[in-house]
Amino acid sequence: MKTTSKWKLPLGVLAAMGIMAGTAVADDTTGLTDTTIKVGVMGPFSGNASSYSKAQIGEMAYYKMINDQGGVHGRKFELIEEDTACQPAKGIAAAKKLVSQDKVFMMHGNSCSGVAMAVKDIVVESGTPWIVAHAVNPNISMPPTPNVFHGVPAGPAYGYTMGKFVMSKPGTKNVVMVEHSNDWAKSYADPTRDYMKTKGVEPTMVLAMERGQTDATAQVLKIRQAKPDFIVASLYEAETVIFLKDLKKYGITDIPVMGAAGTDLENTLARIGDIDTVKNYYVPHAFIDTVDGPGMKKWNDMILKYYPGETITGFSYVSIGSAVAAVQALKNAGPDLTREKFIAELDKIKDFDTGIFATNITWSADDRHGVKESAVAGFVDGKPTVMKSWNQPM
Amino acid sequence: MLMQLTVSGLSQGAIYALIALSLTVVFRATTVVNFGHGDFVLGGAFGVYVLVVMLGLPFLPSAIAAIALMFACGILISRGFIDPIKAGPHIGFAMMSISLGYIFRGTTRSIWGREVLPMPRVFDIPPIFVGDLVITGDAMIISGTVAILLAGFFVVFYKTSIGKVIQAVYQSERGATLIGINVKRFHDMMWGAGLAMGAVAGILIAPISLLHPDLGAGFLIRGFAAMTLGGFGSLGGAVAGGLILGVTEQYAGAYINTALIDITSYLVILVVLVVRPSGLFGKRAVVRV
């Protein structure tokens with residue numbers, strides 16, 4: 001078939017654009033100048049999961065603080081925010097824009113596992129270093145790919161923490177598990193079970209409580225008969241409250257309950273409004289201190305300096321630890337920065353104390369789950385307290 | 001354990017009964033199955049949340065205002081969205097009710113996000129202990145309120161002239177029109193009554209369940225299951241179906257498997273439609289040929 005002359009120009013332009021796009025993505029110094037490092041920050045800044053974007057606010061506050069300190073090797077961070085609204089379709093558009101149009105050097109952020117999984121192929125193919133700093137689905141960084149790093153405890157890390165804490169209570173033999181029948185609960189419950197199994201303990205009872213249930217009488221009465229030493233509850237926030245209230249209602253106030261990371265102590269107490277009901281409730285807690293604790297003051301001050309009026313919750317800290325590690329890797333990579341050098345330095349991060357995570361970050365080419373466990377928070381004398389293990393405050 | 005499960009089941013079932021009855025009231029009057037009802041049930045609760053928690057008003061007047069608001073919403077839906085499509089295919093009613101429910105849910109989501117909101121407990125009645133049996137304040141409030149409401153409803157329905165008018169329209173809209181009853185206004189009132197009764201259910205359950213925009217779907221399916229069990233269109237059947245469903249969920253969860261609690265409604269619908277499609281109290285459809 002003969003191409004007519006009127007099509008030659010547009011086809012030529014298209015071909016040239018294609019070649020240019022290909023070369024832009026492949027460049028190892030994309031997103032770098034002598035004075036700037038472009039960082040793409042994707043997060044749910046709008047929509048019904050927008051509270052998760054506090055994680056990106058905390059991370060950006062940290063980068064802004066580093067900028068005020070002179071940046072890294074004279075380069076300052078240029079942060080490009082992209083809203084995903086926690087929707088995979090929007091996330092894909094955002095990732096393509098950051099990679100192909102904004103041409104960022106690296107990406108850092110991502111709440112919402114669904115979005116992270118949806119954009120994974122795009123980011124991996126582009127070769128852009130990507131630090132996933134909030135989404136917990138372990139498959140985002142497993143199996144390892146050359147440019148993806150997980151900078152927050154993934155589901156198995158929390159599950160491991162839950163199991164370890166439960167088994168750290170002396171004499172724990174009889175454990176009842178209550179959980180939703182979904183992947184979210186499974187990602188906590190399965191590693192918990194696996195850890196308990198290593199200590200020779202199998203759950204004596206596994207009870208279902210589905211989302212939207214407004215009563216836990218059947219579950220609680222079964223628990224009352226089983227008389228467990230510990231209850232593991234992998235439940236969303238609302239069901240956690242219903243479950244804890246029903247435990248109290250039927251007189252079960254002395255059996256400790258280990259919750260999943262989807263809940264936190266302060267909010268659970270606020271929703272129940274009664275310390276007696278939550279006094280034996282424990283949750284995984286990734287940080288060195290509670291929101292109001294002295295250990296978090298410097299981080300709170302930092303966030304409020306750059307985002308005055310921001311309401312600080314546990315989500316605000318989630319991405320800061322991996323930002324600290326990223327800055328360290330950039331420093332170690334030296335002034336002649338390339339993506340390859342940056343990735344190599346990230347892989348050299350070993351047992352790195354971020355000053356905010358309760359446990360250190362270790363990355364390697366074989367294992368990109370940087371944070372392997374978490375601390376646990378519970379009420380001690382009515383005050384939220386971070387613990388290493390049963391009765392062992394940090 | 002059996003007694004405890006029964007008490008708890010009846011308390012839950014009272015809520016289901018109210019929701020099923022409110023669905024039935026609209027269905028009997030208009031033949032519309034309101035697929036958005038679960039979301040409207042929460043409308044009353046969100047109304048109370050705004051008035052009590054955000055504006056600091058006292059509970060009782062706030063609850064009455066929220067119920068009145070949902071009554072007005074019902075009239076608005078009837079006049080603004082159902083009446084104009086009356087001449088269209090029946091499926092249009094279902095599509096309309098689904099759309100209205102989702103719009104309501106989307107609106108609440110856009111305001112409150114996925115936040116799980118605590119509702120204040122207004123009447124903090126201490127539980128009663130009878131041996132091992134615990135009768136909680138919530139169970140007493142829910143059961144008592146629903147019992148009073150249902151008693152009032154059935155007295156009005158069967159013993160007053162208003163009830164006679166309602167029954168007349170239920171039996172024959174054409175006949176009712178011929179004797180001078182304004183059927184269009186009657187439909188408005190029934191939509192209003194349905195949403196107001198649903199709002200009461202939402203207000204009663206929200207302090208226990210907490211409040212979030214996605215809670216309504218579970219109530220809707222339980223309302224449908226109670227309707228099916230009691231018999232489509234049977235007012236008394238809807239109430240009985242709700243109570244039986246509440247208790248069945250508890251028994252199934254405790255004596256068979258807790259995973260059954262969530263699917264009891266679906267099982268009930270399935271079994272009833274196969275074994276006894278007219279439900280416990282519904283009239284068998286007779287077609288003269």
# chains A, B, ... in the order shown; residues from 1 in each chain; ligands from 1
call {"tool": "interface_residues", "arguments": {"of": "chain B", "to": "chain A", "cutoff": "7 Å", "atoms": "only C-alpha atoms", "output": "list in words"}}
result
Leu5, Ser8, Arg109, Ser110, Gly113, Arg114, Val116, Pro118, Val134, Ile208, Ser209, Leu210, Leu215, Gly218, Gln250, Gly253, Ala254, Thr258, Ala259 and Asp262 of chain B
call {"tool": "write_last_selection", "arguments": {"atoms": "all heavy atoms", "output": "CSV table (one decimal), in the first residue's frame"}}
result
chain,number,residue,atom,x,y,z
B,5,LEU,N,-29.0,-15.8,73.3
B,5,LEU,CA,-29.1,-15.6,71.9
B,5,LEU,C,-30.4,-15.2,71.4
B,5,LEU,O,-30.6,-14.4,70.5
B,5,LEU,CB,-28.7,-17.0,71.2
B,5,LEU,CG,-27.3,-17.5,71.3
B,5,LEU,CD1,-27.2,-18.9,70.9
B,5,LEU,CD2,-26.3,-16.6,70.4
B,8,SER,N,-30.8,-11.4,72.3
B,8,SER,CA,-30.0,-10.6,71.4
B,8,SER,C,-30.6,-10.7,70.0
B,8,SER,O,-30.7,-9.6,69.3
B,8,SER,CB,-28.6,-11.2,71.4
B,8,SER,OG,-27.8,-10.4,70.5
B,109,ARG,N,-20.7,10.0,51.8
B,109,ARG,CA,-19.2,9.7,51.7
B,109,ARG,C,-18.4,10.9,51.4
B,109,ARG,O,-17.3,11.1,51.9
B,109,ARG,CB,-19.0,8.7,50.5
B,109,ARG,CG,-19.2,7.3,50.9
B,109,ARG,CD,-18.8,6.5,49.6
B,109,ARG,NE,-19.0,5.0,49.8
B,109,ARG,CZ,-19.1,4.2,48.8
B,109,ARG,NH1,-19.0,4.6,47.5
B,109,ARG,NH2,-19.3,2.9,49.0
B,110,SER,N,-18.9,11.8,50.5
B,110,SER,CA,-18.2,13.0,50.2
B,110,SER,C,-18.0,13.9,51.4
B,110,SER,O,-17.1,14.7,51.4
B,110,SER,CB,-18.8,13.7,49.0
B,110,SER,OG,-20.0,14.2,49.3
B,113,GLY,N,-16.4,11.0,54.3
B,113,GLY,CA,-15.4,10.0,53.9
B,113,GLY,C,-15.7,8.6,54.4
B,113,GLY,O,-16.9,8.3,54.5
B,114,ARG,N,-14.7,7.9,54.7
B,114,ARG,CA,-14.9,6.5,55.2
B,114,ARG,C,-14.8,6.5,56.8
B,114,ARG,O,-14.7,5.5,57.4
B,114,ARG,CB,-13.8,5.6,54.7
B,114,ARG,CG,-14.1,5.3,53.2
B,114,ARG,CD,-13.4,4.1,52.8
B,114,ARG,NE,-12.0,4.1,53.1
B,114,ARG,CZ,-11.1,3.3,52.5
B,114,ARG,NH1,-11.5,2.5,51.6
B,114,ARG,NH2,-9.8,3.4,52.8
B,116,VAL,N,-15.6,6.3,60.5
B,116,VAL,CA,-16.6,5.6,61.3
B,116,VAL,C,-17.0,6.5,62.4
B,116,VAL,O,-16.2,6.8,63.3
B,116,VAL,CB,-16.0,4.3,61.8
B,116,VAL,CG1,-17.1,3.6,62.6
B,116,VAL,CG2,-15.6,3.4,60.6
B,118,PRO,N,-18.9,7.9,65.7
B,118,PRO,CA,-19.6,7.4,67.0
B,118,PRO,C,-20.8,8.2,67.2
B,118,PRO,O,-20.8,9.4,67.0
B,118,PRO,CB,-18.5,7.7,68.1
B,118,PRO,CG,-17.7,8.8,67.5
B,118,PRO,CD,-17.7,8.7,66.0
B,134,VAL,N,-28.0,-11.6,80.2
B,134,VAL,CA,-27.8,-10.2,80.3
B,134,VAL,C,-28.8,-9.5,79.3
B,134,VAL,O,-28.9,-9.9,78.1
B,134,VAL,CB,-26.4,-9.8,79.8
B,134,VAL,CG1,-26.2,-8.3,80.0
B,134,VAL,CG2,-25.4,-10.6,80.6
B,208,ILE,N,-25.1,1.6,68.3
B,208,ILE,CA,-24.5,0.3,68.5
B,208,ILE,C,-23.5,0.0,67.3
B,208,ILE,O,-22.4,-0.4,67.5
B,208,ILE,CB,-25.5,-0.8,68.6
B,208,ILE,CG1,-26.5,-0.5,69.7
B,208,ILE,CG2,-24.9,-2.2,68.7
B,208,ILE,CD1,-27.7,-1.4,69.7
B,209,SER,N,-24.0,0.3,66.1
B,209,SER,CA,-23.2,-0.1,64.9
B,209,SER,C,-22.2,0.9,64.6
B,209,SER,O,-21.3,0.7,63.7
B,209,SER,CB,-24.2,-0.3,63.8
B,209,SER,OG,-24.8,0.9,63.4
B,210,LEU,N,-22.3,2.1,65.1
B,210,LEU,CA,-21.5,3.3,64.7
B,210,LEU,C,-22.1,3.7,63.3
B,210,LEU,O,-22.9,3.0,62.8
B,210,LEU,CB,-20.0,3.1,64.6
B,210,LEU,CG,-19.4,2.6,65.9
B,210,LEU,CD1,-17.9,2.6,65.7
B,210,LEU,CD2,-19.7,3.5,67.1
B,215,LEU,N,-23.0,1.4,55.6
B,215,LEU,CA,-23.7,0.4,56.5
B,215,LEU,C,-25.1,0.0,56.0
B,215,LEU,O,-25.6,-1.1,56.3
B,215,LEU,CB,-23.9,1.1,57.9
B,215,LEU,CG,-24.3,0.3,59.1
B,215,LEU,CD1,-23.2,-0.8,59.4
B,215,LEU,CD2,-24.5,1.2,60.3
B,218,GLY,N,-26.3,-3.8,54.2
B,218,GLY,CA,-26.6,-4.9,55.1
B,218,GLY,C,-28.0,-4.9,55.6
B,218,GLY,O,-28.7,-5.9,55.7
B,250,GLN,N,-28.6,-15.5,65.0
B,250,GLN,CA,-27.9,-15.8,66.3
B,250,GLN,C,-27.7,-17.3,66.5
B,250,GLN,O,-26.6,-17.7,66.8
B,250,GLN,CB,-28.6,-15.2,67.5
B,250,GLN,CG,-28.7,-13.7,67.5
B,250,GLN,CD,-27.4,-13.0,67.6
B,250,GLN,OE1,-26.4,-13.6,68.1
B,250,GLN,NE2,-27.3,-11.7,67.2
B,253,GLY,N,-25.3,-18.7,64.0
B,253,GLY,CA,-23.9,-18.3,64.3
B,253,GLY,C,-23.3,-19.1,65.5
B,253,GLY,O,-22.2,-19.5,65.5
B,254,ALA,N,-24.2,-19.3,66.5
B,254,ALA,CA,-23.7,-19.9,67.7
B,254,ALA,C,-23.6,-21.4,67.6
B,254,ALA,O,-22.7,-22.0,68.1
B,254,ALA,CB,-24.5,-19.5,68.9
B,258,THR,N,-20.2,-19.3,62.8
B,258,THR,CA,-20.3,-17.8,62.8
B,258,THR,C,-20.3,-17.3,61.4
B,258,THR,O,-20.9,-16.2,61.2
B,258,THR,CB,-19.2,-17.2,63.6
B,258,THR,OG1,-18.0,-17.7,63.3
B,258,THR,CG2,-19.5,-17.3,65.1
B,259,ALA,N,-19.7,-18.0,60.4
B,259,ALA,CA,-19.7,-17.5,59.1
B,259,ALA,C,-21.2,-17.5,58.5
B,259,ALA,O,-21.4,-16.7,57.5
B,259,ALA,CB,-18.9,-18.4,58.2
B,262,ASP,N,-23.7,-13.9,58.4
B,262,ASP,CA,-23.7,-13.0,57.3
B,262,ASP,C,-24.6,-13.5,56.1
B,262,ASP,O,-25.0,-12.6,55.3
B,262,ASP,CB,-22.3,-12.7,56.8
B,262,ASP,CG,-22.2,-11.3,56.1
B,262,ASP,OD1,-22.8,-10.4,56.6
B,262,ASP,OD2,-21.6,-11.3,55.0
call {"tool": "residues_around", "arguments": {"residues": "Ile82 in chain B", "least_positions_apart": "5", "cutoff": "12 Å", "atoms": "only C-alpha atoms", "output": "mmCIF file with all heavy atoms, in the first residue's frame"}}
result
data_model
loop_
_atom_site.group_PDB
_atom_site.id
_atom_site.type_symbol
_atom_site.label_atom_id
_atom_site.label_comp_id
_atom_site.auth_asym_id
_atom_site.auth_seq_id
_atom_site.Cartn_x
_atom_site.Cartn_y
_atom_site.Cartn_z
ATOM 1 N N VAL B 26 -44.323 0.883 51.667
ATOM 2 C CA VAL B 26 -44.153 1.506 50.345
ATOM 3 C C VAL B 26 -44.546 0.519 49.242
ATOM 4 O O VAL B 26 -45.238 0.873 48.282
ATOM 5 C CB VAL B 26 -42.692 1.985 50.159
ATOM 6 C CG1 VAL B 26 -42.470 2.515 48.741
ATOM 7 C CG2 VAL B 26 -42.359 3.064 51.176
ATOM 8 N N THR B 30 -47.490 1.226 46.619
ATOM 9 C CA THR B 30 -47.071 1.712 45.292
ATOM 10 C C THR B 30 -46.547 0.618 44.365
ATOM 11 O O THR B 30 -46.233 0.911 43.210
ATOM 12 C CB THR B 30 -45.950 2.757 45.453
ATOM 13 O OG1 THR B 30 -44.810 2.106 46.025
ATOM 14 C CG2 THR B 30 -46.376 3.908 46.337
ATOM 15 N N THR B 31 -46.409 -0.585 44.887
ATOM 16 C CA THR B 31 -45.787 -1.739 44.200
ATOM 17 C C THR B 31 -44.326 -1.482 43.849
ATOM 18 O O THR B 31 -43.735 -2.196 43.050
ATOM 19 C CB THR B 31 -46.536 -2.159 42.901
ATOM 20 O OG1 THR B 31 -46.337 -1.159 41.910
ATOM 21 C CG2 THR B 31 -48.016 -2.392 43.141
ATOM 22 N N VAL B 32 -43.719 -0.469 44.459
ATOM 23 C CA VAL B 32 -42.300 -0.195 44.217
ATOM 24 C C VAL B 32 -41.467 -0.872 45.305
ATOM 25 O O VAL B 32 -41.724 -0.686 46.498
ATOM 26 C CB VAL B 32 -42.008 1.325 44.226
ATOM 27 C CG1 VAL B 32 -40.507 1.586 44.117
ATOM 28 C CG2 VAL B 32 -42.753 2.009 43.098
ATOM 29 N N VAL B 33 -40.501 -1.672 44.881
ATOM 30 C CA VAL B 33 -39.531 -2.217 45.836
ATOM 31 C C VAL B 33 -38.395 -1.195 45.915
ATOM 32 O O VAL B 33 -37.719 -0.934 44.922
ATOM 33 C CB VAL B 33 -38.993 -3.588 45.369
ATOM 34 C CG1 VAL B 33 -37.953 -4.106 46.342
ATOM 35 C CG2 VAL B 33 -40.135 -4.574 45.226
ATOM 36 N N ASN B 34 -38.218 -0.620 47.084
ATOM 37 C CA ASN B 34 -37.268 0.477 47.242
ATOM 38 C C ASN B 34 -35.859 -0.059 47.507
ATOM 39 O O ASN B 34 -35.481 -0.313 48.645
ATOM 40 C CB ASN B 34 -37.727 1.381 48.386
ATOM 41 C CG ASN B 34 -36.802 2.563 48.581
ATOM 42 O OD1 ASN B 34 -35.873 2.774 47.790
ATOM 43 N ND2 ASN B 34 -37.043 3.327 49.630
ATOM 44 N N GLY B 74 -39.256 11.447 51.698
ATOM 45 C CA GLY B 74 -40.112 10.426 51.087
ATOM 46 C C GLY B 74 -41.132 11.068 50.152
ATOM 47 O O GLY B 74 -41.352 10.591 49.030
ATOM 48 N N ILE B 75 -41.742 12.148 50.615
ATOM 49 C CA ILE B 75 -42.736 12.845 49.775
ATOM 50 C C ILE B 75 -42.061 13.402 48.519
ATOM 51 O O ILE B 75 -42.577 13.290 47.407
ATOM 52 C CB ILE B 75 -43.413 13.975 50.586
ATOM 53 C CG1 ILE B 75 -44.257 13.358 51.707
ATOM 54 C CG2 ILE B 75 -44.274 14.862 49.686
ATOM 55 C CD1 ILE B 75 -44.850 14.361 52.666
ATOM 56 N N LEU B 76 -40.882 13.967 48.736
ATOM 57 C CA LEU B 76 -40.134 14.536 47.604
ATOM 58 C C LEU B 76 -39.805 13.456 46.566
ATOM 59 O O LEU B 76 -39.951 13.667 45.354
ATOM 60 C CB LEU B 76 -38.847 15.187 48.118
ATOM 61 C CG LEU B 76 -37.986 15.857 47.068
ATOM 62 C CD1 LEU B 76 -38.632 17.150 46.608
ATOM 63 C CD2 LEU B 76 -36.589 16.154 47.617
ATOM 64 N N ILE B 77 -39.380 12.290 47.061
ATOM 65 C CA ILE B 77 -39.035 11.186 46.145
ATOM 66 C C ILE B 77 -40.277 10.751 45.367
ATOM 67 O O ILE B 77 -40.239 10.554 44.156
ATOM 68 C CB ILE B 77 -38.428 9.998 46.933
ATOM 69 C CG1 ILE B 77 -37.020 10.365 47.416
ATOM 70 C CG2 ILE B 77 -38.381 8.734 46.075
ATOM 71 C CD1 ILE B 77 -36.433 9.387 48.404
ATOM 72 N N ALA B 87 -45.662 6.094 34.216
ATOM 73 C CA ALA B 87 -46.162 5.502 32.978
ATOM 74 C C ALA B 87 -45.124 4.616 32.286
ATOM 75 O O ALA B 87 -45.443 3.895 31.346
ATOM 76 C CB ALA B 87 -46.592 6.613 32.019
ATOM 77 N N GLY B 88 -43.890 4.678 32.771
ATOM 78 C CA GLY B 88 -42.812 3.917 32.145
ATOM 79 C C GLY B 88 -42.787 2.473 32.607
ATOM 80 O O GLY B 88 -43.659 2.031 33.365
ATOM 81 N N PRO B 89 -41.784 1.717 32.160
ATOM 82 C CA PRO B 89 -41.683 0.313 32.591
ATOM 83 C C PRO B 89 -41.394 0.207 34.090
ATOM 84 O O PRO B 89 -40.754 1.093 34.663
ATOM 85 C CB PRO B 89 -40.501 -0.216 31.768
ATOM 86 C CG PRO B 89 -39.739 0.996 31.352
ATOM 87 C CD PRO B 89 -40.715 2.112 31.262
ATOM 88 N N HIS B 90 -41.869 -0.890 34.692
ATOM 89 C CA HIS B 90 -41.755 -1.051 36.146
ATOM 90 C C HIS B 90 -40.302 -1.080 36.610
ATOM 91 O O HIS B 90 -39.983 -0.653 37.720
ATOM 92 C CB HIS B 90 -42.470 -2.332 36.566
ATOM 93 C CG HIS B 90 -42.977 -2.266 37.970
ATOM 94 N ND1 HIS B 90 -44.087 -1.516 38.333
ATOM 95 C CD2 HIS B 90 -42.510 -2.813 39.112
ATOM 96 C CE1 HIS B 90 -44.284 -1.630 39.629
ATOM 97 N NE2 HIS B 90 -43.342 -2.414 40.135
ATOM 98 N N ILE B 91 -39.435 -1.585 35.730
ATOM 99 C CA ILE B 91 -38.020 -1.668 36.095
ATOM 100 C C ILE B 91 -37.452 -0.274 36.391
ATOM 101 O O ILE B 91 -36.484 -0.131 37.145
ATOM 102 C CB ILE B 91 -37.208 -2.377 34.959
ATOM 103 C CG1 ILE B 91 -35.757 -2.634 35.368
ATOM 104 C CG2 ILE B 91 -37.205 -1.561 33.672
ATOM 105 C CD1 ILE B 91 -35.597 -3.805 36.250
ATOM 106 N N GLY B 92 -38.068 0.740 35.815
ATOM 107 C CA GLY B 92 -37.622 2.114 36.046
ATOM 108 C C GLY B 92 -37.683 2.492 37.516
ATOM 109 O O GLY B 92 -36.823 3.231 38.015
ATOM 110 N N PHE B 93 -38.696 1.967 38.238
ATOM 111 C CA PHE B 93 -38.799 2.260 39.674
ATOM 112 C C PHE B 93 -37.576 1.712 40.416
ATOM 113 O O PHE B 93 -37.018 2.355 41.309
ATOM 114 C CB PHE B 93 -40.060 1.626 40.264
ATOM 115 C CG PHE B 93 -41.345 2.195 39.730
ATOM 116 C CD1 PHE B 93 -42.391 1.361 39.392
ATOM 117 C CD2 PHE B 93 -41.512 3.563 39.570
ATOM 118 C CE1 PHE B 93 -43.581 1.872 38.905
ATOM 119 C CE2 PHE B 93 -42.703 4.094 39.087
ATOM 120 C CZ PHE B 93 -43.741 3.246 38.746
ATOM 121 N N ALA B 94 -37.209 0.481 40.049
ATOM 122 C CA ALA B 94 -36.053 -0.133 40.715
ATOM 123 C C ALA B 94 -34.790 0.670 40.431
ATOM 124 O O ALA B 94 -34.010 0.983 41.349
ATOM 125 C CB ALA B 94 -35.887 -1.572 40.226
ATOM 126 N N MET B 95 -34.619 1.033 39.156
ATOM 127 C CA MET B 95 -33.418 1.816 38.782
ATOM 128 C C MET B 95 -33.396 3.149 39.522
ATOM 129 O O MET B 95 -32.359 3.595 40.015
ATOM 130 C CB MET B 95 -33.402 2.072 37.267
ATOM 131 C CG MET B 95 -33.297 0.831 36.408
ATOM 132 S SD MET B 95 -31.758 -0.041 36.658
ATOM 133 C CE MET B 95 -32.303 -1.504 37.469
ATOM 134 N N MET B 96 -34.570 3.770 39.603
ATOM 135 C CA MET B 96 -34.652 5.067 40.264
ATOM 136 C C MET B 96 -34.302 4.946 41.753
ATOM 137 O O MET B 96 -33.543 5.757 42.293
ATOM 138 C CB MET B 96 -36.067 5.633 40.104
ATOM 139 C CG MET B 96 -36.265 6.997 40.751
ATOM 140 S SD MET B 96 -35.210 8.268 40.029
ATOM 141 C CE MET B 96 -36.159 8.691 38.575
ATOM 142 N N SER B 97 -34.858 3.921 42.410
ATOM 143 C CA SER B 97 -34.611 3.798 43.848
ATOM 144 C C SER B 97 -33.145 3.457 44.121
ATOM 145 O O SER B 97 -32.542 3.966 45.068
ATOM 146 C CB SER B 97 -35.539 2.757 44.486
ATOM 147 O OG SER B 97 -35.308 1.477 43.944
ATOM 148 N N SER B 99 -30.654 4.374 42.229
ATOM 149 C CA SER B 99 -29.890 5.600 41.958
ATOM 150 C C SER B 99 -30.003 6.582 43.116
ATOM 151 O O SER B 99 -29.005 7.167 43.546
ATOM 152 C CB SER B 99 -30.399 6.265 40.678
ATOM 153 O OG SER B 99 -30.309 5.369 39.614
ATOM 154 N N LEU B 100 -31.213 6.746 43.623
ATOM 155 C CA LEU B 100 -31.405 7.694 44.726
ATOM 156 C C LEU B 100 -30.612 7.251 45.961
ATOM 157 O O LEU B 100 -29.992 8.069 46.644
ATOM 158 C CB LEU B 100 -32.892 7.819 45.064
ATOM 159 C CG LEU B 100 -33.747 8.543 44.006
ATOM 160 C CD1 LEU B 100 -35.238 8.354 44.297
ATOM 161 C CD2 LEU B 100 -33.404 10.033 43.966
ATOM 162 N N LYS B 184 -52.798 9.872 44.666
ATOM 163 C CA LYS B 184 -51.460 10.432 44.476
ATOM 164 C C LYS B 184 -50.892 10.931 45.813
ATOM 165 O O LYS B 184 -49.739 10.658 46.164
ATOM 166 C CB LYS B 184 -51.543 11.576 43.469
ATOM 167 C CG LYS B 184 -50.211 12.036 42.945
ATOM 168 C CD LYS B 184 -50.427 13.050 41.843
ATOM 169 C CE LYS B 184 -49.129 13.709 41.465
ATOM 170 N NZ LYS B 184 -49.323 14.752 40.464
ATOM 171 N N HIS B 187 -49.936 8.005 47.957
ATOM 172 C CA HIS B 187 -48.606 7.477 47.627
ATOM 173 C C HIS B 187 -47.516 8.331 48.278
ATOM 174 O O HIS B 187 -46.554 7.805 48.842
ATOM 175 C CB HIS B 187 -48.401 7.465 46.111
ATOM 176 C CG HIS B 187 -49.149 6.379 45.427
ATOM 177 N ND1 HIS B 187 -49.234 6.276 44.060
ATOM 178 C CD2 HIS B 187 -49.875 5.332 45.914
ATOM 179 C CE1 HIS B 187 -49.960 5.212 43.737
ATOM 180 N NE2 HIS B 187 -50.361 4.639 44.847
ATOM 181 N N ASP B 188 -47.691 9.661 48.209
ATOM 182 C CA ASP B 188 -46.709 10.554 48.840
ATOM 183 C C ASP B 188 -46.575 10.233 50.331
ATOM 184 O O ASP B 188 -45.470 10.127 50.869
ATOM 185 C CB ASP B 188 -47.148 12.028 48.703
ATOM 186 C CG ASP B 188 -47.159 12.490 47.255
ATOM 187 O OD1 ASP B 188 -46.546 11.801 46.413
ATOM 188 O OD2 ASP B 188 -47.776 13.537 46.979
ATOM 189 N N TRP B 191 -44.780 6.923 50.976
ATOM 190 C CA TRP B 191 -43.326 7.074 50.812
ATOM 191 C C TRP B 191 -42.744 7.791 52.030
ATOM 192 O O TRP B 191 -41.697 7.401 52.557
ATOM 193 C CB TRP B 191 -43.008 7.874 49.538
ATOM 194 C CG TRP B 191 -42.774 6.996 48.342
ATOM 195 C CD1 TRP B 191 -43.689 6.677 47.384
ATOM 196 C CD2 TRP B 191 -41.562 6.319 47.988
ATOM 197 N NE1 TRP B 191 -43.118 5.839 46.448
ATOM 198 C CE2 TRP B 191 -41.810 5.599 46.791
ATOM 199 C CE3 TRP B 191 -40.296 6.237 48.559
ATOM 200 C CZ2 TRP B 191 -40.840 4.824 46.161
ATOM 201 C CZ3 TRP B 191 -39.328 5.463 47.930
ATOM 202 C CH2 TRP B 191 -39.613 4.769 46.755
#
call {"tool": "residues_around", "arguments": {"residues": "range 245-247 of chain B", "least_positions_apart": "4", "cutoff": "6 Å", "atoms": "only C-alpha atoms", "output": "compact mmCIF listing (two decimals) with all heavy atoms, in the first residue's frame"}}
result
# COMPACT_ATOMS: atom_id res chain seq x y z
N THR B 6 -31.46 -15.68 72.12
CA THR B 6 -32.83 -15.30 71.77
C THR B 6 -33.06 -13.81 72.05
O THR B 6 -33.61 -13.09 71.22
CB THR B 6 -33.83 -16.16 72.56
OG1 THR B 6 -33.50 -17.53 72.37
CG2 THR B 6 -35.26 -15.91 72.09
N GLY B 9 -31.10 -11.84 69.58
CA GLY B 9 -31.71 -12.00 68.26
C GLY B 9 -32.99 -11.19 68.12
O GLY B 9 -33.24 -10.60 67.07
N LEU B 10 -33.77 -11.15 69.19
CA LEU B 10 -35.02 -10.38 69.13
C LEU B 10 -34.74 -8.88 69.03
O LEU B 10 -35.43 -8.14 68.34
CB LEU B 10 -35.89 -10.68 70.36
CG LEU B 10 -36.54 -12.06 70.38
CD1 LEU B 10 -37.24 -12.32 71.71
CD2 LEU B 10 -37.55 -12.21 69.22
N GLN B 12 -32.00 -7.49 67.67
CA GLN B 12 -31.59 -7.24 66.28
C GLN B 12 -32.79 -7.36 65.35
O GLN B 12 -32.98 -6.56 64.43
CB GLN B 12 -30.55 -8.30 65.86
CG GLN B 12 -29.15 -8.04 66.38
CD GLN B 12 -28.47 -6.90 65.65
OE1 GLN B 12 -28.33 -6.94 64.43
NE2 GLN B 12 -28.07 -5.87 66.36
N GLY B 13 -33.60 -8.39 65.62
CA GLY B 13 -34.76 -8.66 64.77
C GLY B 13 -35.76 -7.51 64.79
O GLY B 13 -36.46 -7.27 63.80
N GLY B 241 -41.26 -11.78 60.25
CA GLY B 241 -40.07 -12.19 59.49
C GLY B 241 -38.80 -11.56 60.05
O GLY B 241 -37.77 -12.22 60.17
call {"tool": "residues_around", "arguments": {"residues": "range 307-320 of chain A", "least_positions_apart": "5", "cutoff": "10 Å", "atoms": "only C-alpha atoms", "output": "number ranges by chain"}}
result
A: 51-63, 108-111, 131-135, 151-153, 263-264, 266-267, 285-287, 290-292, 296, 299-302, 325-326, 354-357
call {"tool": "closest_residue", "arguments": {"among": "B:Phe129, B:Phe219, B:Phe281, B:Phe71", "to": "Ala238 in chain B", "atoms": "only C-alpha atoms"}}
result
B:Phe281
call {"tool": "residues_around", "arguments": {"residues": "range 224-229 of chain B", "least_positions_apart": "4", "cutoff": "6 Å", "atoms": "only C-alpha atoms", "output": "list in words"}}
result
Ala20, Ala238, Gly241, Gly242, Ser265, Ile269 and Gly279 of chain B
